[in-house]
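Below is model.cif, which holds mmCIF, N, CA and C atoms.
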```
data_coords
#
loop_
_atom_site.label_atom_id
_atom_site.label_comp_id
_atom_site.auth_asym_id
_atom_site.auth_seq_id
_atom_site.Cartn_x
_atom_site.Cartn_y
_atom_site.Cartn_z
N MET A 1 -60.20 -73.03 18.67
CA MET A 1 -59.13 -73.55 17.86
C MET A 1 -58.52 -74.72 18.60
N ALA A 2 -58.20 -75.79 17.86
CA ALA A 2 -57.60 -76.98 18.46
C ALA A 2 -56.18 -76.68 18.88
N GLU A 3 -55.68 -77.47 19.84
CA GLU A 3 -54.39 -77.19 20.43
C GLU A 3 -53.22 -77.39 19.45
N GLY A 4 -53.21 -78.37 18.58
CA GLY A 4 -52.09 -78.67 17.70
C GLY A 4 -52.15 -77.95 16.36
N GLN A 5 -53.10 -77.07 16.17
CA GLN A 5 -53.26 -76.41 14.87
C GLN A 5 -52.23 -75.30 14.67
N ASP A 6 -51.74 -75.19 13.44
CA ASP A 6 -50.72 -74.21 13.10
C ASP A 6 -51.39 -72.90 12.71
N TRP A 7 -50.95 -71.77 13.32
CA TRP A 7 -51.53 -70.46 13.02
C TRP A 7 -51.25 -70.04 11.58
N GLY A 8 -50.04 -70.35 11.06
CA GLY A 8 -49.70 -69.98 9.69
C GLY A 8 -50.62 -70.64 8.68
N ALA A 9 -50.93 -71.91 8.88
CA ALA A 9 -51.83 -72.62 7.97
C ALA A 9 -53.23 -72.03 8.06
N LEU A 10 -53.65 -71.67 9.24
CA LEU A 10 -54.99 -71.09 9.42
C LEU A 10 -55.09 -69.74 8.71
N VAL A 11 -54.05 -68.91 8.85
CA VAL A 11 -54.07 -67.59 8.21
C VAL A 11 -54.07 -67.74 6.70
N LEU A 12 -53.24 -68.64 6.16
CA LEU A 12 -53.17 -68.82 4.71
C LEU A 12 -54.49 -69.35 4.15
N THR A 13 -55.19 -70.17 4.87
CA THR A 13 -56.46 -70.69 4.36
C THR A 13 -57.57 -69.65 4.44
N ARG A 14 -57.39 -68.60 5.23
CA ARG A 14 -58.44 -67.57 5.38
C ARG A 14 -58.19 -66.34 4.51
N LEU A 15 -57.10 -66.31 3.74
CA LEU A 15 -56.85 -65.16 2.89
C LEU A 15 -57.89 -65.08 1.78
N PRO A 16 -58.36 -63.88 1.45
CA PRO A 16 -59.41 -63.75 0.43
C PRO A 16 -58.89 -63.95 -0.99
N LEU A 17 -57.58 -63.95 -1.22
CA LEU A 17 -57.06 -64.05 -2.57
C LEU A 17 -57.02 -65.47 -3.11
N HIS A 18 -56.98 -66.45 -2.26
CA HIS A 18 -56.81 -67.79 -2.80
C HIS A 18 -58.13 -68.36 -3.30
N THR A 19 -57.98 -69.21 -4.31
CA THR A 19 -59.17 -69.74 -4.97
C THR A 19 -59.35 -71.23 -4.74
N SER A 20 -58.34 -71.88 -4.21
CA SER A 20 -58.41 -73.32 -4.00
C SER A 20 -58.18 -73.62 -2.53
N TRP A 21 -59.00 -74.48 -1.97
CA TRP A 21 -58.83 -74.85 -0.57
C TRP A 21 -57.79 -75.94 -0.42
N ARG A 22 -57.35 -76.55 -1.52
CA ARG A 22 -56.37 -77.63 -1.44
C ARG A 22 -54.95 -77.11 -1.28
N SER A 23 -54.59 -76.09 -2.02
CA SER A 23 -53.22 -75.57 -1.99
C SER A 23 -53.27 -74.07 -1.76
N PRO A 24 -53.28 -73.63 -0.50
CA PRO A 24 -53.43 -72.20 -0.22
C PRO A 24 -52.20 -71.36 -0.57
N VAL A 25 -51.03 -71.95 -0.64
CA VAL A 25 -49.82 -71.16 -0.88
C VAL A 25 -49.73 -70.72 -2.34
N GLN A 26 -50.01 -71.61 -3.27
CA GLN A 26 -49.86 -71.30 -4.69
C GLN A 26 -50.73 -70.12 -5.13
N PRO A 27 -52.02 -70.08 -4.82
CA PRO A 27 -52.82 -68.93 -5.28
C PRO A 27 -52.40 -67.61 -4.65
N VAL A 28 -51.85 -67.61 -3.45
CA VAL A 28 -51.41 -66.38 -2.82
C VAL A 28 -50.17 -65.87 -3.53
N MET A 29 -49.29 -66.76 -3.96
CA MET A 29 -48.04 -66.36 -4.59
C MET A 29 -48.26 -65.83 -6.00
N LYS A 30 -49.22 -66.38 -6.72
CA LYS A 30 -49.43 -65.94 -8.10
C LYS A 30 -49.76 -64.45 -8.19
N PRO A 31 -50.71 -63.93 -7.42
CA PRO A 31 -50.98 -62.49 -7.49
C PRO A 31 -49.79 -61.66 -7.02
N PHE A 32 -49.08 -62.13 -6.00
CA PHE A 32 -47.91 -61.40 -5.52
C PHE A 32 -46.86 -61.29 -6.62
N LEU A 33 -46.58 -62.39 -7.31
CA LEU A 33 -45.59 -62.36 -8.38
C LEU A 33 -46.06 -61.51 -9.56
N SER A 34 -47.34 -61.61 -9.89
CA SER A 34 -47.84 -60.82 -11.01
C SER A 34 -47.82 -59.32 -10.68
N PHE A 35 -48.09 -58.95 -9.43
CA PHE A 35 -48.01 -57.55 -9.04
C PHE A 35 -46.57 -57.05 -9.10
N THR A 36 -45.64 -57.89 -8.70
CA THR A 36 -44.22 -57.52 -8.75
C THR A 36 -43.77 -57.32 -10.19
N VAL A 37 -44.12 -58.25 -11.05
CA VAL A 37 -43.75 -58.13 -12.47
C VAL A 37 -44.40 -56.89 -13.08
N LEU A 38 -45.64 -56.63 -12.74
CA LEU A 38 -46.33 -55.45 -13.25
C LEU A 38 -45.65 -54.17 -12.78
N ALA A 39 -45.23 -54.13 -11.53
CA ALA A 39 -44.55 -52.94 -11.00
C ALA A 39 -43.22 -52.70 -11.71
N VAL A 40 -42.45 -53.76 -11.95
CA VAL A 40 -41.17 -53.62 -12.65
C VAL A 40 -41.42 -53.17 -14.09
N LEU A 41 -42.41 -53.74 -14.73
CA LEU A 41 -42.74 -53.35 -16.11
C LEU A 41 -43.13 -51.88 -16.18
N LEU A 42 -43.97 -51.44 -15.27
CA LEU A 42 -44.37 -50.03 -15.27
C LEU A 42 -43.19 -49.11 -15.00
N TYR A 43 -42.28 -49.52 -14.14
CA TYR A 43 -41.09 -48.72 -13.86
C TYR A 43 -40.26 -48.55 -15.13
N PHE A 44 -40.02 -49.64 -15.84
CA PHE A 44 -39.21 -49.55 -17.05
C PHE A 44 -39.92 -48.77 -18.15
N LEU A 45 -41.22 -48.89 -18.23
CA LEU A 45 -41.95 -48.12 -19.23
C LEU A 45 -41.90 -46.63 -18.92
N ALA A 46 -41.97 -46.28 -17.65
CA ALA A 46 -41.96 -44.87 -17.27
C ALA A 46 -40.56 -44.26 -17.39
N GLU A 47 -39.52 -45.01 -17.09
CA GLU A 47 -38.16 -44.48 -17.07
C GLU A 47 -37.38 -44.77 -18.34
N GLY A 48 -37.82 -45.70 -19.14
CA GLY A 48 -37.05 -46.11 -20.30
C GLY A 48 -37.12 -45.12 -21.44
N PRO A 49 -36.24 -45.28 -22.44
CA PRO A 49 -36.24 -44.38 -23.59
C PRO A 49 -37.44 -44.65 -24.49
N SER A 50 -37.68 -43.72 -25.39
CA SER A 50 -38.77 -43.93 -26.34
C SER A 50 -38.39 -45.07 -27.28
N PRO A 51 -39.35 -45.68 -27.97
CA PRO A 51 -39.04 -46.82 -28.85
C PRO A 51 -38.03 -46.49 -29.94
N ALA A 52 -38.04 -45.27 -30.49
CA ALA A 52 -37.07 -44.92 -31.52
C ALA A 52 -35.67 -44.86 -30.94
N GLN A 53 -35.56 -44.28 -29.75
CA GLN A 53 -34.25 -44.22 -29.09
C GLN A 53 -33.80 -45.62 -28.67
N ALA A 54 -34.72 -46.44 -28.24
CA ALA A 54 -34.37 -47.78 -27.80
C ALA A 54 -33.84 -48.60 -28.96
N SER A 55 -34.45 -48.49 -30.13
CA SER A 55 -33.98 -49.29 -31.26
C SER A 55 -32.59 -48.85 -31.69
N SER A 56 -32.31 -47.54 -31.67
CA SER A 56 -30.97 -47.09 -32.04
C SER A 56 -29.96 -47.49 -30.98
N SER A 57 -30.33 -47.41 -29.71
CA SER A 57 -29.38 -47.80 -28.67
C SER A 57 -29.15 -49.30 -28.69
N VAL A 58 -30.16 -50.06 -29.03
CA VAL A 58 -29.99 -51.51 -29.14
C VAL A 58 -29.06 -51.83 -30.31
N ALA A 59 -29.25 -51.14 -31.43
CA ALA A 59 -28.38 -51.35 -32.58
C ALA A 59 -26.94 -50.96 -32.25
N GLU A 60 -26.77 -49.84 -31.56
CA GLU A 60 -25.44 -49.42 -31.14
C GLU A 60 -24.83 -50.43 -30.18
N GLY A 61 -25.65 -50.96 -29.30
CA GLY A 61 -25.17 -51.98 -28.36
C GLY A 61 -24.68 -53.22 -29.08
N PHE A 62 -25.43 -53.65 -30.10
CA PHE A 62 -25.00 -54.82 -30.87
C PHE A 62 -23.72 -54.53 -31.64
N GLU A 63 -23.60 -53.33 -32.18
CA GLU A 63 -22.37 -52.96 -32.90
C GLU A 63 -21.17 -52.96 -31.96
N GLN A 64 -21.35 -52.40 -30.78
CA GLN A 64 -20.26 -52.38 -29.80
C GLN A 64 -19.89 -53.80 -29.38
N PHE A 65 -20.90 -54.62 -29.18
CA PHE A 65 -20.66 -56.01 -28.79
C PHE A 65 -19.90 -56.74 -29.89
N GLN A 66 -20.32 -56.53 -31.15
CA GLN A 66 -19.64 -57.16 -32.28
C GLN A 66 -18.18 -56.70 -32.35
N HIS A 67 -17.95 -55.42 -32.15
CA HIS A 67 -16.59 -54.88 -32.19
C HIS A 67 -15.73 -55.48 -31.08
N LYS A 68 -16.29 -55.59 -29.88
CA LYS A 68 -15.55 -56.15 -28.75
C LYS A 68 -15.23 -57.62 -28.97
N VAL A 69 -16.18 -58.37 -29.53
CA VAL A 69 -15.94 -59.78 -29.80
C VAL A 69 -14.85 -59.94 -30.86
N LYS A 70 -14.86 -59.08 -31.89
CA LYS A 70 -13.84 -59.14 -32.93
C LYS A 70 -12.47 -58.82 -32.34
N GLU A 71 -12.39 -57.80 -31.49
CA GLU A 71 -11.12 -57.46 -30.84
C GLU A 71 -10.63 -58.63 -29.98
N LEU A 72 -11.53 -59.24 -29.25
CA LEU A 72 -11.16 -60.37 -28.40
C LEU A 72 -10.64 -61.53 -29.25
N ALA A 73 -11.34 -61.83 -30.34
CA ALA A 73 -10.91 -62.92 -31.22
C ALA A 73 -9.54 -62.62 -31.83
N ASP A 74 -9.32 -61.39 -32.26
CA ASP A 74 -8.02 -61.02 -32.82
C ASP A 74 -6.92 -61.13 -31.79
N THR A 75 -7.19 -60.69 -30.58
CA THR A 75 -6.20 -60.76 -29.51
C THR A 75 -5.86 -62.21 -29.18
N VAL A 76 -6.88 -63.05 -29.08
CA VAL A 76 -6.66 -64.46 -28.76
C VAL A 76 -5.87 -65.13 -29.89
N ALA A 77 -6.22 -64.83 -31.13
CA ALA A 77 -5.52 -65.43 -32.27
C ALA A 77 -4.05 -65.00 -32.28
N THR A 78 -3.79 -63.73 -32.06
CA THR A 78 -2.41 -63.23 -32.03
C THR A 78 -1.62 -63.88 -30.92
N LYS A 79 -2.20 -63.96 -29.74
CA LYS A 79 -1.50 -64.57 -28.61
C LYS A 79 -1.26 -66.06 -28.84
N ALA A 80 -2.22 -66.74 -29.46
CA ALA A 80 -2.04 -68.17 -29.75
C ALA A 80 -0.92 -68.37 -30.76
N LYS A 81 -0.88 -67.55 -31.81
CA LYS A 81 0.19 -67.66 -32.81
C LYS A 81 1.55 -67.39 -32.16
N GLU A 82 1.64 -66.39 -31.31
CA GLU A 82 2.90 -66.09 -30.63
C GLU A 82 3.33 -67.24 -29.73
N ALA A 83 2.39 -67.83 -29.01
CA ALA A 83 2.71 -68.94 -28.11
C ALA A 83 3.19 -70.16 -28.90
N ILE A 84 2.52 -70.46 -30.01
CA ILE A 84 2.92 -71.61 -30.83
C ILE A 84 4.30 -71.37 -31.42
N SER A 85 4.55 -70.18 -31.90
CA SER A 85 5.86 -69.83 -32.45
C SER A 85 6.94 -69.94 -31.39
N LYS A 86 6.64 -69.47 -30.20
CA LYS A 86 7.60 -69.52 -29.10
C LYS A 86 7.92 -70.97 -28.73
N ILE A 87 6.90 -71.81 -28.72
CA ILE A 87 7.09 -73.23 -28.39
C ILE A 87 7.91 -73.91 -29.48
N GLN A 88 7.59 -73.65 -30.74
CA GLN A 88 8.31 -74.28 -31.84
C GLN A 88 9.77 -73.88 -31.88
N ASN A 89 10.07 -72.67 -31.51
CA ASN A 89 11.45 -72.18 -31.60
C ASN A 89 12.22 -72.30 -30.29
N SER A 90 11.63 -72.92 -29.29
CA SER A 90 12.32 -73.04 -28.01
C SER A 90 13.45 -74.07 -28.11
N GLU A 91 14.41 -73.96 -27.21
CA GLU A 91 15.56 -74.86 -27.20
C GLU A 91 15.12 -76.31 -26.95
N PHE A 92 14.19 -76.49 -26.01
CA PHE A 92 13.70 -77.83 -25.70
C PHE A 92 13.04 -78.47 -26.92
N SER A 93 12.22 -77.69 -27.61
CA SER A 93 11.54 -78.20 -28.80
C SER A 93 12.53 -78.58 -29.89
N THR A 94 13.52 -77.74 -30.10
CA THR A 94 14.52 -78.00 -31.13
C THR A 94 15.33 -79.26 -30.79
N LYS A 95 15.77 -79.38 -29.55
CA LYS A 95 16.53 -80.56 -29.14
C LYS A 95 15.70 -81.83 -29.24
N THR A 96 14.44 -81.75 -28.84
CA THR A 96 13.56 -82.91 -28.92
C THR A 96 13.34 -83.33 -30.37
N ARG A 97 13.08 -82.36 -31.21
CA ARG A 97 12.87 -82.66 -32.63
C ARG A 97 14.12 -83.30 -33.25
N ASN A 98 15.29 -82.78 -32.95
CA ASN A 98 16.54 -83.34 -33.47
C ASN A 98 16.79 -84.75 -32.92
N TRP A 99 16.49 -84.97 -31.65
CA TRP A 99 16.65 -86.29 -31.05
C TRP A 99 15.77 -87.31 -31.76
N PHE A 100 14.49 -86.95 -32.00
CA PHE A 100 13.58 -87.86 -32.70
C PHE A 100 14.07 -88.13 -34.13
N LYS A 101 14.52 -87.09 -34.84
CA LYS A 101 15.02 -87.29 -36.20
C LYS A 101 16.21 -88.23 -36.20
N HIS A 102 17.14 -88.02 -35.27
CA HIS A 102 18.34 -88.83 -35.19
C HIS A 102 17.99 -90.30 -34.89
N ASN A 103 17.14 -90.53 -33.88
CA ASN A 103 16.77 -91.90 -33.51
C ASN A 103 15.91 -92.56 -34.58
N PHE A 104 15.04 -91.82 -35.23
CA PHE A 104 14.24 -92.38 -36.31
C PHE A 104 15.15 -92.81 -37.47
N GLN A 105 16.14 -91.98 -37.76
CA GLN A 105 17.08 -92.33 -38.83
C GLN A 105 17.87 -93.60 -38.46
N LYS A 106 18.25 -93.73 -37.18
CA LYS A 106 18.95 -94.94 -36.73
C LYS A 106 18.08 -96.17 -36.94
N VAL A 107 16.82 -96.09 -36.52
CA VAL A 107 15.89 -97.22 -36.66
C VAL A 107 15.70 -97.54 -38.14
N LYS A 108 15.54 -96.52 -38.96
CA LYS A 108 15.34 -96.71 -40.40
C LYS A 108 16.56 -97.39 -41.02
N ASP A 109 17.77 -96.95 -40.67
CA ASP A 109 18.99 -97.57 -41.19
C ASP A 109 19.10 -99.01 -40.74
N LYS A 110 18.76 -99.28 -39.50
CA LYS A 110 18.83 -100.64 -38.97
C LYS A 110 17.83 -101.53 -39.69
N MET A 111 16.62 -101.02 -39.95
CA MET A 111 15.59 -101.80 -40.66
C MET A 111 16.06 -102.08 -42.10
N ASP A 112 16.63 -101.08 -42.74
CA ASP A 112 17.12 -101.27 -44.11
C ASP A 112 18.23 -102.31 -44.14
N ALA A 113 19.11 -102.27 -43.16
CA ALA A 113 20.22 -103.22 -43.12
C ALA A 113 19.72 -104.64 -42.83
N THR A 114 18.70 -104.75 -41.97
CA THR A 114 18.20 -106.06 -41.59
C THR A 114 17.40 -106.70 -42.72
N PHE A 115 16.52 -105.95 -43.36
CA PHE A 115 15.63 -106.53 -44.37
C PHE A 115 16.18 -106.46 -45.79
N SER A 116 17.30 -105.84 -46.01
CA SER A 116 17.85 -105.78 -47.35
C SER A 116 18.65 -107.04 -47.69
N LYS A 117 18.96 -107.85 -46.73
CA LYS A 117 19.74 -109.07 -46.96
C LYS A 117 18.98 -110.13 -47.65
#
```
Can you give me the file's structure in the form of structure tokens?
Amino acid sequence: MAEGQDWGALVLTRLPLHTSWRSPVQPVMKPFLSFTVLAVLLYFLAEGPSPAQASSSVAEGFEQFQHKVKELADTVATKAKEAISKIQNSEFSTKTRNWFKHNFQKVKDKMDATFSK
């Protein structure tokens, strides 16, 4: 073996699973990933409910999700309405609204007086 050669590269090129001499890492990873996916799939098939139970539990899950989303939307809508009502009826809002009405009326009266001549 040459002095500057990397042992990791040598081992990867000598593995029996790879099919290409150009890219030794990719072919080694593909079987590893497929074995992992296969193992997870077999685990879920062995431990999971039967298809009839799964379809009912999935339907129940969607119903529960729909109910929770509806509750959330109702809660958000109620809180938004309360916040808007609170803002509209606050002292600051009332004073600001009255100030704008008063000043707008002043400007309107001044415009009428100026352009009515």
Between atom CA of A:Arg97 and atom CA of A:Ala83, what is the distance, to one decimal in Å?
->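 Those two atoms sit 17.7 Å apart.
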Just give me the gap between atom C of A:Lys68 and atom N of A:Ala80 in Å, one decimal is fine.
-> 15.9 Å
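Atom pair atom N of A:Asp74 / atom C of A:Phe92: separated by 28.6 Å.
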